[in-house]
$ cat target_34.cif   # mmCIF, C-alpha atoms
data_target
loop_
_atom_site.label_atom_id
_atom_site.label_comp_id
_atom_site.auth_asym_id
_atom_site.auth_seq_id
_atom_site.Cartn_x
_atom_site.Cartn_y
_atom_site.Cartn_z
CA MET A 77 65.31 59.97 106.64
CA ASN A 78 64.81 56.46 105.45
CA THR A 79 62.43 54.94 108.02
CA PRO A 80 60.10 52.36 106.44
CA ILE A 81 56.48 53.50 106.35
CA PRO A 82 55.02 50.44 108.16
CA PHE A 83 57.41 51.07 111.03
CA VAL A 84 56.28 54.70 111.35
CA LEU A 85 52.65 53.59 111.15
CA ALA A 86 53.23 51.04 113.90
CA LEU A 87 54.80 53.76 116.06
CA LEU A 88 51.87 56.09 115.47
CA LEU A 89 49.30 53.39 116.14
CA GLY A 90 51.15 52.30 119.26
CA SER A 91 51.23 55.83 120.65
CA ALA A 92 47.58 56.38 119.75
CA ALA A 93 46.59 53.23 121.63
CA ALA A 94 48.60 54.32 124.65
CA LEU A 95 47.09 57.81 124.58
CA ALA A 96 43.59 56.43 124.30
CA GLY A 97 44.25 54.38 127.43
CA SER A 98 43.69 51.17 125.50
CA HIS A 99 44.51 47.99 127.36
CA ASP A 100 44.87 45.98 124.21
CA LEU A 101 48.64 45.98 124.26
CA SER A 102 49.59 43.08 122.05
CA PRO A 103 50.12 43.41 118.34
CA ARG A 104 47.28 41.95 116.32
CA GLN A 105 49.59 39.34 114.88
CA ALA A 106 51.93 37.94 117.51
CA LEU A 107 54.97 36.34 115.95
CA PRO A 108 54.31 32.54 116.09
CA VAL A 109 57.87 31.75 117.18
CA TYR A 110 57.51 34.28 120.03
CA ALA A 111 54.37 32.55 121.30
CA GLN A 112 55.91 29.12 120.82
CA GLU A 113 59.27 29.74 122.47
CA CYS A 114 58.83 32.56 124.99
CA ALA A 115 55.32 31.72 126.14
CA ALA A 116 56.38 28.13 126.85
CA CYS A 117 57.67 29.41 130.20
CA HIS A 118 55.85 32.67 130.87
CA THR A 119 53.10 35.02 129.75
CA ALA A 120 53.55 36.23 126.18
CA TYR A 121 54.39 39.67 127.49
CA PRO A 122 53.23 42.43 125.15
CA PRO A 123 56.43 43.81 123.58
CA ALA A 124 55.15 47.33 124.25
CA LEU A 125 55.76 46.86 127.98
CA LEU A 126 59.53 47.28 127.61
CA PRO A 127 61.64 49.73 125.61
CA ALA A 128 63.72 48.51 122.67
CA ALA A 129 66.97 48.74 124.67
CA SER A 130 65.64 46.31 127.27
CA TRP A 131 64.53 43.79 124.64
CA GLN A 132 67.92 44.05 122.99
CA ARG A 133 69.68 43.13 126.23
CA VAL A 134 67.19 40.35 126.98
CA MET A 135 67.77 38.77 123.58
CA ALA A 136 71.55 39.12 123.86
CA ARG A 137 71.78 36.99 127.00
CA LEU A 138 69.19 34.23 126.63
CA ASP A 139 71.65 31.67 127.99
CA ASN A 140 71.18 33.38 131.36
CA HIS A 141 67.60 34.56 131.20
CA TYR A 142 66.61 35.69 134.69
CA GLY A 143 68.38 32.66 136.14
CA THR A 144 67.47 30.05 133.53
CA ASP A 145 68.92 28.90 130.23
CA ALA A 146 66.47 30.04 127.55
CA SER A 147 68.89 29.80 124.63
CA LEU A 148 67.50 29.46 121.11
CA ASP A 149 69.08 28.86 117.74
CA ALA A 150 70.49 31.87 115.91
CA ALA A 151 67.63 32.12 113.40
CA GLN A 152 65.03 32.21 116.17
CA VAL A 153 66.99 34.79 118.16
CA GLN A 154 67.20 36.94 115.03
CA ALA A 155 63.48 36.63 114.19
CA ILE A 156 62.21 37.24 117.73
CA GLY A 157 64.75 40.01 118.34
CA GLN A 158 63.77 41.90 115.20
CA TRP A 159 60.10 41.57 115.96
CA LEU A 160 60.54 42.80 119.54
CA GLN A 161 62.53 45.79 118.29
CA SER A 162 59.73 46.71 115.89
CA GLN A 163 57.02 46.30 118.56
CA ALA A 164 58.84 47.66 121.62
CA GLY A 165 57.16 50.34 123.72
CA THR A 166 57.79 53.93 122.70
CA TYR A 167 55.27 55.74 124.85
CA LYS A 168 56.19 57.78 127.90
CA LYS A 169 55.89 55.22 130.67
CA VAL A 170 58.23 52.70 129.06
CA ARG A 171 60.68 55.24 127.68
CA SER A 172 63.39 54.33 130.15
CA ALA A 173 64.54 50.78 130.88
CA PRO A 174 63.39 49.36 134.23
CA PRO A 175 65.92 47.85 136.69
CA GLN A 176 67.21 44.48 135.43
CA ASP A 177 64.98 44.97 132.38
CA ARG A 178 62.14 43.49 134.42
CA ILE A 179 58.61 44.60 133.53
CA SER A 180 57.62 44.02 137.16
CA LEU A 181 60.23 46.55 138.39
CA SER A 182 58.97 49.31 136.09
CA ASP A 183 57.71 52.39 137.93
CA TRP A 184 54.29 52.09 136.29
CA PHE A 185 54.01 48.40 137.22
CA VAL A 186 54.85 49.03 140.85
CA ARG A 187 52.44 51.98 140.94
CA GLU A 188 49.55 50.11 139.37
CA HIS A 189 50.00 47.12 141.71
CA ARG A 190 50.62 49.15 144.88
CA LYS A 191 47.29 48.14 146.43
CA VAL A 192 47.81 44.43 145.87
CA ALA A 193 48.10 42.82 149.31
CA PRO A 194 51.24 40.76 150.05
CA GLU A 195 49.12 37.66 150.71
CA LEU A 196 47.61 37.96 147.25
CA TRP A 197 51.11 37.88 145.74
CA ARG A 198 51.80 34.75 147.80
CA HIS A 199 48.52 33.07 146.76
CA HIS A 200 49.17 29.63 145.26
CA SER A 201 47.72 30.68 141.91
CA VAL A 202 49.97 33.77 141.71
CA ARG A 203 53.33 33.35 143.50
CA SER A 204 55.22 35.35 140.89
CA PRO A 205 54.54 38.74 139.28
CA ALA A 206 55.31 36.93 136.01
CA GLN A 207 52.09 34.98 136.39
CA CYS A 208 49.95 37.81 134.93
CA SER A 209 47.09 35.49 133.98
CA ALA A 210 46.39 34.54 137.61
CA CYS A 211 44.47 37.84 137.82
CA HIS A 212 44.52 39.30 134.30
CA THR A 213 42.45 36.61 132.61
CA GLN A 214 43.17 37.88 129.07
CA ALA A 215 46.87 38.58 129.62
CA ASP A 216 47.92 36.18 126.87
CA GLN A 217 45.86 38.26 124.44
CA GLY A 218 47.51 41.43 125.72
CA ARG A 219 44.38 42.69 127.48
CA PHE A 220 44.91 43.99 131.01
CA GLY A 221 41.75 46.05 131.52
CA GLU A 222 39.67 46.09 134.69
CA ARG A 223 36.92 44.21 132.88
CA GLU A 224 39.25 41.23 132.46
CA LEU A 225 40.53 41.37 136.03
CA ARG A 226 39.57 38.48 138.38
CA LEU A 227 41.33 38.29 141.72
CA PRO A 228 41.88 34.74 142.99
CA VAL A 229 39.40 33.51 145.59
CA ARG A 230 41.15 33.18 148.94
CA MET B 72 33.49 13.79 94.45
CA THR B 73 31.49 16.82 95.53
CA PRO B 74 33.26 20.09 96.31
CA HIS B 75 32.47 19.43 99.96
CA HIS B 76 34.21 16.09 99.84
CA THR B 77 37.23 17.61 98.13
CA LEU B 78 37.42 20.31 100.76
CA ALA B 79 37.01 17.80 103.57
CA SER B 80 39.75 15.52 102.27
CA LEU B 81 42.02 18.51 101.67
CA CYS B 82 41.50 19.66 105.26
CA LEU B 83 42.06 16.15 106.56
CA GLY B 84 45.21 15.87 104.45
CA LEU B 85 46.55 19.17 105.76
CA LEU B 86 45.73 18.17 109.30
CA MET B 87 47.60 14.92 108.95
CA CYS B 88 50.58 16.65 107.34
CA THR B 89 50.69 19.20 110.14
CA SER B 90 50.67 16.60 112.88
CA ALA B 91 53.19 14.45 111.00
CA LEU B 92 55.50 17.46 110.86
CA ALA B 93 55.09 18.23 114.55
CA ALA B 94 55.49 14.72 115.95
CA ASP B 95 58.52 12.95 114.49
CA THR B 96 59.31 10.47 117.25
CA HIS B 97 58.01 8.90 120.44
CA ALA B 98 59.46 8.36 123.89
CA ALA B 99 60.39 4.70 123.40
CA ALA B 100 62.41 5.54 120.28
CA GLN B 101 64.20 8.30 122.17
CA LEU B 102 64.95 5.93 125.04
CA GLN B 103 66.55 3.60 122.51
CA ARG B 104 68.53 6.46 120.99
CA PHE B 105 70.00 7.58 124.33
CA ALA B 106 70.57 4.00 125.50
CA SER B 107 72.55 3.12 122.39
CA GLU B 108 74.49 6.37 122.70
CA ALA B 109 75.30 5.47 126.30
CA GLY B 110 76.00 1.82 125.54
CA ARG B 111 73.66 0.64 128.28
CA ALA B 112 69.95 0.32 128.99
CA GLY B 113 68.06 3.07 130.78
CA GLN B 114 67.19 2.29 134.40
CA ALA B 115 63.84 3.56 135.62
CA ASP B 116 64.74 3.69 139.30
CA ALA B 117 67.94 5.63 138.65
CA GLY B 118 65.87 7.94 136.46
CA ARG B 119 63.42 8.65 139.27
CA ARG B 120 66.24 9.47 141.70
CA PHE B 121 67.94 11.68 139.12
CA PHE B 122 64.66 13.50 138.49
CA VAL B 123 63.95 14.45 142.11
CA ASN B 124 67.59 15.16 143.08
CA LYS B 125 68.72 18.79 143.27
CA HIS B 126 72.28 17.80 142.38
CA GLY B 127 73.64 20.42 144.76
CA GLY B 128 71.83 23.28 143.08
CA GLU B 129 68.60 25.16 143.62
CA TRP B 130 66.31 23.11 141.39
CA ALA B 131 65.49 19.51 140.57
CA CYS B 132 63.69 18.43 137.39
CA ALA B 133 60.77 17.86 139.76
CA SER B 134 60.81 21.54 140.84
CA CYS B 135 58.92 22.36 137.64
CA HIS B 136 57.63 19.01 136.40
CA GLY B 137 56.48 17.72 139.80
CA GLU B 138 57.70 14.67 141.69
CA SER B 139 55.10 12.66 139.86
CA PRO B 140 55.09 14.01 136.28
CA THR B 141 51.81 12.27 135.49
CA GLN B 142 50.03 15.59 135.76
CA ALA B 143 50.69 19.15 134.63
CA GLY B 144 53.78 20.84 136.04
CA ARG B 145 54.39 24.39 137.10
CA HIS B 146 57.39 26.57 136.27
CA ALA B 147 59.25 27.13 139.55
CA SER B 148 59.97 30.78 138.90
CA THR B 149 57.17 32.08 136.66
CA GLY B 150 54.30 29.88 137.87
CA LYS B 151 53.29 29.00 134.30
CA THR B 152 51.50 25.67 133.88
CA LEU B 153 53.62 23.16 131.97
CA PRO B 154 52.36 20.20 129.94
CA THR B 155 52.42 16.77 131.60
CA LEU B 156 55.72 15.01 130.94
CA ALA B 157 54.89 11.27 131.27
CA PRO B 158 53.95 10.13 127.75
CA ALA B 159 51.22 7.71 128.92
CA PHE B 160 49.40 10.74 130.35
CA ASN B 161 50.17 13.15 127.50
CA PRO B 162 50.67 11.66 124.02
CA LYS B 163 52.25 14.92 122.76
CA SER B 164 55.03 14.68 125.32
CA LEU B 165 58.46 13.63 124.01
CA SER B 166 57.19 13.39 120.42
CA GLU B 167 59.56 15.87 118.75
CA THR B 168 63.30 15.21 118.57
CA ALA B 169 64.27 18.87 118.33
CA ARG B 170 62.18 19.83 121.35
CA ILE B 171 63.56 16.93 123.40
CA ASP B 172 67.13 17.99 122.63
CA LYS B 173 66.42 21.66 123.26
CA TRP B 174 64.77 21.15 126.63
CA PHE B 175 67.30 18.59 127.87
CA ARG B 176 70.10 20.99 126.92
CA ARG B 177 68.54 23.99 128.67
CA ASN B 178 67.03 22.28 131.69
CA CYS B 179 70.09 20.17 132.48
CA LYS B 180 72.10 23.39 132.58
CA ASP B 181 69.56 24.91 134.96
CA VAL B 182 69.52 21.90 137.27
CA LEU B 183 73.06 20.49 137.03
CA GLY B 184 75.02 23.38 135.57
CA ARG B 185 76.05 21.14 132.65
CA GLU B 186 74.49 19.12 129.85
CA CYS B 187 73.14 15.68 130.75
CA GLN B 188 74.93 12.52 129.68
CA ALA B 189 73.20 10.06 127.37
CA GLY B 190 72.92 7.53 130.20
CA GLU B 191 71.17 10.05 132.45
CA LYS B 192 68.69 10.86 129.69
CA ALA B 193 68.09 7.14 129.10
CA ASP B 194 67.40 6.65 132.82
CA VAL B 195 64.93 9.53 132.95
CA LEU B 196 63.11 8.34 129.83
CA ALA B 197 62.98 4.77 131.17
CA TRP B 198 61.34 6.11 134.34
CA LEU B 199 58.90 8.39 132.49
CA LEU B 200 57.87 5.48 130.26
CA SER B 201 57.34 3.28 133.32
CA LEU B 202 54.67 5.65 134.66
CA GLN B 203 51.36 4.20 133.58
CA PRO B 204 47.76 4.96 134.48
#
$ encode --input "target_34.cif" --output "structure tokens"
Amino acid sequence: MNTPIPFVLALLLGSAAALAGSHDLSPRQALPVYAQECAACHTAYPPALLPAASWQRVMARLDNHYGTDASLDAAQVQAIGQWLQSQAGTYKKVRSAPPQDRISLSDWFVREHRKVAPELWRHHSVRSPAQCSACHTQADQGRFGERELRLPVR
Amino acid sequence: MTPHHTLASLCLGLLMCTSALAADTHAAAQLQRFASEAGRAGQADAGRRFFVNKHGGEWACASCHGESPTQAGRHASTGKTLPTLAPAFNPKSLSETARIDKWFRRNCKDVLGRECQAGEKADVLAWLLSLQP
């Protein structure tokens, strides 16, 4: 087998973090073009929250990205796509692609948010499950632990 | 020159280079560019109407940028806060040619289902430039 060593290391580290229950999901070094382009419209979702197959489909249809045109030039698509493939989730809960490749439709996401009241989802500071940082104050740093959780004041 | 001075001027130099690289234009220059492409001046009032109109679709420009883009906007589907669009209220707005072209291309397709014409862009820029504190 010819897998590059850094890739294997990343896989091992990723699994170790998942096993340890770590909430620090983002890679230490987020790709600058990922932060610049993707996080212009939404949370810089940790790549580990979707499997590689989902990221591949997302990057292949950016001109219709969940209802909006998010097209990028070919070099950016290539750079972000490669990075997402190398950082995609490999642990058990993201092994299979969620419906529509939406993080918020993943079984684990639905399960972990099952106690969130409908009115909290409709709160003006939330409104969309994409708006992670409305409650997860360190979402942009990839930290989703209880310690960083602040529910909006009603 | 002391080492401190050298370091300080180096940092200052780098800082200036970085910002020079990021900002390569300003809104008035872009208005001129689109107006000359269209062969007519941009009209602020037409720009305002264009901006708040849904053009038969689901969204207007104002759906994300707000009807008065003198303050931060909010992405209509993700809820993410967006930088203020009117340049008098946000000097970084409309200061990079590539970003202006990219966002017009994408957002016009989202709102109108097609790319915007030069005249429409001139109108919108004329309106955005007319918004003053």
$ atom_distance --input "target_34.cif" --atom1 "atom CA of B:Glu129" --atom2 "atom CA of B:Val182"
7.2 Å
$ resolve_selection --input "target_34.cif" --expression "the PyMOL selection byres ((chain B and resi 187-202) around 9)" --output "ChimeraX atom specification"
/B:98-99,101-122,139-141,156-160,175-176,179-180,183,185-186,203-204
$ write_last_selection --input "target_34.cif" --atoms "C-alpha atoms" --output "compact mmCIF listing (two decimals), keeping the file's coordinate frame"
# COMPACT_ATOMS: atom_id res chain seq x y z
CA ALA B 98 59.46 8.36 123.89
CA ALA B 99 60.39 4.70 123.40
CA GLN B 101 64.20 8.30 122.17
CA LEU B 102 64.95 5.93 125.04
CA GLN B 103 66.55 3.60 122.51
CA ARG B 104 68.53 6.46 120.99
CA PHE B 105 70.00 7.58 124.33
CA ALA B 106 70.57 4.00 125.50
CA SER B 107 72.55 3.12 122.39
CA GLU B 108 74.49 6.37 122.70
CA ALA B 109 75.30 5.47 126.30
CA GLY B 110 76.00 1.82 125.54
CA ARG B 111 73.66 0.64 128.28
CA ALA B 112 69.95 0.32 128.99
CA GLY B 113 68.06 3.07 130.78
CA GLN B 114 67.19 2.29 134.40
CA ALA B 115 63.84 3.56 135.62
CA ASP B 116 64.74 3.69 139.30
CA ALA B 117 67.94 5.63 138.65
CA GLY B 118 65.87 7.94 136.46
CA ARG B 119 63.42 8.65 139.27
CA ARG B 120 66.24 9.47 141.70
CA PHE B 121 67.94 11.68 139.12
CA PHE B 122 64.66 13.50 138.49
CA SER B 139 55.10 12.66 139.86
CA PRO B 140 55.09 14.01 136.28
CA THR B 141 51.81 12.27 135.49
CA LEU B 156 55.72 15.01 130.94
CA ALA B 157 54.89 11.27 131.27
CA PRO B 158 53.95 10.13 127.75
CA ALA B 159 51.22 7.71 128.92
CA PHE B 160 49.40 10.74 130.35
CA PHE B 175 67.30 18.59 127.87
CA ARG B 176 70.10 20.99 126.92
CA CYS B 179 70.09 20.17 132.48
CA LYS B 180 72.10 23.39 132.58
CA LEU B 183 73.06 20.49 137.03
CA ARG B 185 76.05 21.14 132.65
CA GLU B 186 74.49 19.12 129.85
CA GLN B 203 51.36 4.20 133.58
CA PRO B 204 47.76 4.96 134.48
$ interface_residues --input "target_34.cif" --of "chain B" --to "chain A" --cutoff "12 Å" --atoms "all atoms listed in the file" --output "NGL selection string"
:B and (129-130 or 135 or 144-154 or 169-170 or 172-186)
$ write_last_selection --input "target_34.cif" --atoms "C-alpha atoms" --output "PDB file, in the coordinates of the input"
ATOM      1  CA  GLU B 129      68.600  25.160 143.620  1.00  0.00           C
ATOM      2  CA  TRP B 130      66.310  23.110 141.390  1.00  0.00           C
ATOM      3  CA  CYS B 135      58.920  22.360 137.640  1.00  0.00           C
ATOM      4  CA  GLY B 144      53.780  20.840 136.040  1.00  0.00           C
ATOM      5  CA  ARG B 145      54.390  24.390 137.100  1.00  0.00           C
ATOM      6  CA  HIS B 146      57.390  26.570 136.270  1.00  0.00           C
ATOM      7  CA  ALA B 147      59.250  27.130 139.550  1.00  0.00           C
ATOM      8  CA  SER B 148      59.970  30.780 138.900  1.00  0.00           C
ATOM      9  CA  THR B 149      57.170  32.080 136.660  1.00  0.00           C
ATOM     10  CA  GLY B 150      54.300  29.880 137.870  1.00  0.00           C
ATOM     11  CA  LYS B 151      53.290  29.000 134.300  1.00  0.00           C
ATOM     12  CA  THR B 152      51.500  25.670 133.880  1.00  0.00           C
ATOM     13  CA  LEU B 153      53.620  23.160 131.970  1.00  0.00           C
ATOM     14  CA  PRO B 154      52.360  20.200 129.940  1.00  0.00           C
ATOM     15  CA  ALA B 169      64.270  18.870 118.330  1.00  0.00           C
ATOM     16  CA  ARG B 170      62.180  19.830 121.350  1.00  0.00           C
ATOM     17  CA  ASP B 172      67.130  17.990 122.630  1.00  0.00           C
ATOM     18  CA  LYS B 173      66.420  21.660 123.260  1.00  0.00           C
ATOM     19  CA  TRP B 174      64.770  21.150 126.630  1.00  0.00           C
ATOM     20  CA  PHE B 175      67.300  18.590 127.870  1.00  0.00           C
ATOM     21  CA  ARG B 176      70.100  20.990 126.920  1.00  0.00           C
ATOM     22  CA  ARG B 177      68.540  23.990 128.670  1.00  0.00           C
ATOM     23  CA  ASN B 178      67.030  22.280 131.690  1.00  0.00           C
ATOM     24  CA  CYS B 179      70.090  20.170 132.480  1.00  0.00           C
ATOM     25  CA  LYS B 180      72.100  23.390 132.580  1.00  0.00           C
ATOM     26  CA  ASP B 181      69.560  24.910 134.960  1.00  0.00           C
ATOM     27  CA  VAL B 182      69.520  21.900 137.270  1.00  0.00           C
ATOM     28  CA  LEU B 183      73.060  20.490 137.030  1.00  0.00           C
ATOM     29  CA  GLY B 184      75.020  23.380 135.570  1.00  0.00           C
ATOM     30  CA  ARG B 185      76.050  21.140 132.650  1.00  0.00           C
ATOM     31  CA  GLU B 186      74.490  19.120 129.850  1.00  0.00           C
TER      32      GLU B 186
END
$ residues_near_point --input "target_34.cif" --point "(47.6, 39.6, 126.1)" --cutoff "12 Å" --atoms "only C-alpha atoms" --output "VMD selection string"
chain A and resid 99 to 106 111 115 118 to 125 208 to 209 212 to 221 224
$ resolve_selection --input "target_34.cif" --expression "the PyMOL selection byres ((chain A and resi 227) around 8)" --output "list in words"
Ala210, Cys211, Leu225, Arg226, Pro228 and Val229 of chain A
$ atom_distance --input "target_34.cif" --atom1 "atom CA of A:Arg137" --atom2 "atom CA of B:Cys132"
22.8 Å
$ resolve_selection --input "target_34.cif" --expression "the PyMOL selection byres ((chain B and resi 96) around 9)" --output "PyMOL selection string"
chain B and resi 94-95+97-101+165-168
$ closest_residue --input "target_34.cif" --among "A:Pro127, A:Glu188, A:Arg223, A:Leu107" --to "A:Ser172" --atoms "all atoms listed in the file"
A:Pro127
$ atom_distance --input "target_34.cif" --atom1 "atom CA of A:Ile156" --atom2 "atom CA of A:Arg178"
17.8 Å
$ residues_around --input "target_34.cif" --residues "A:Trp131" --least-positions-apart "6" --cutoff "8 Å" --atoms "all atoms listed in the file" --output "MDAnalysis selection string"
chainID A and resid 157 160:161 164 177
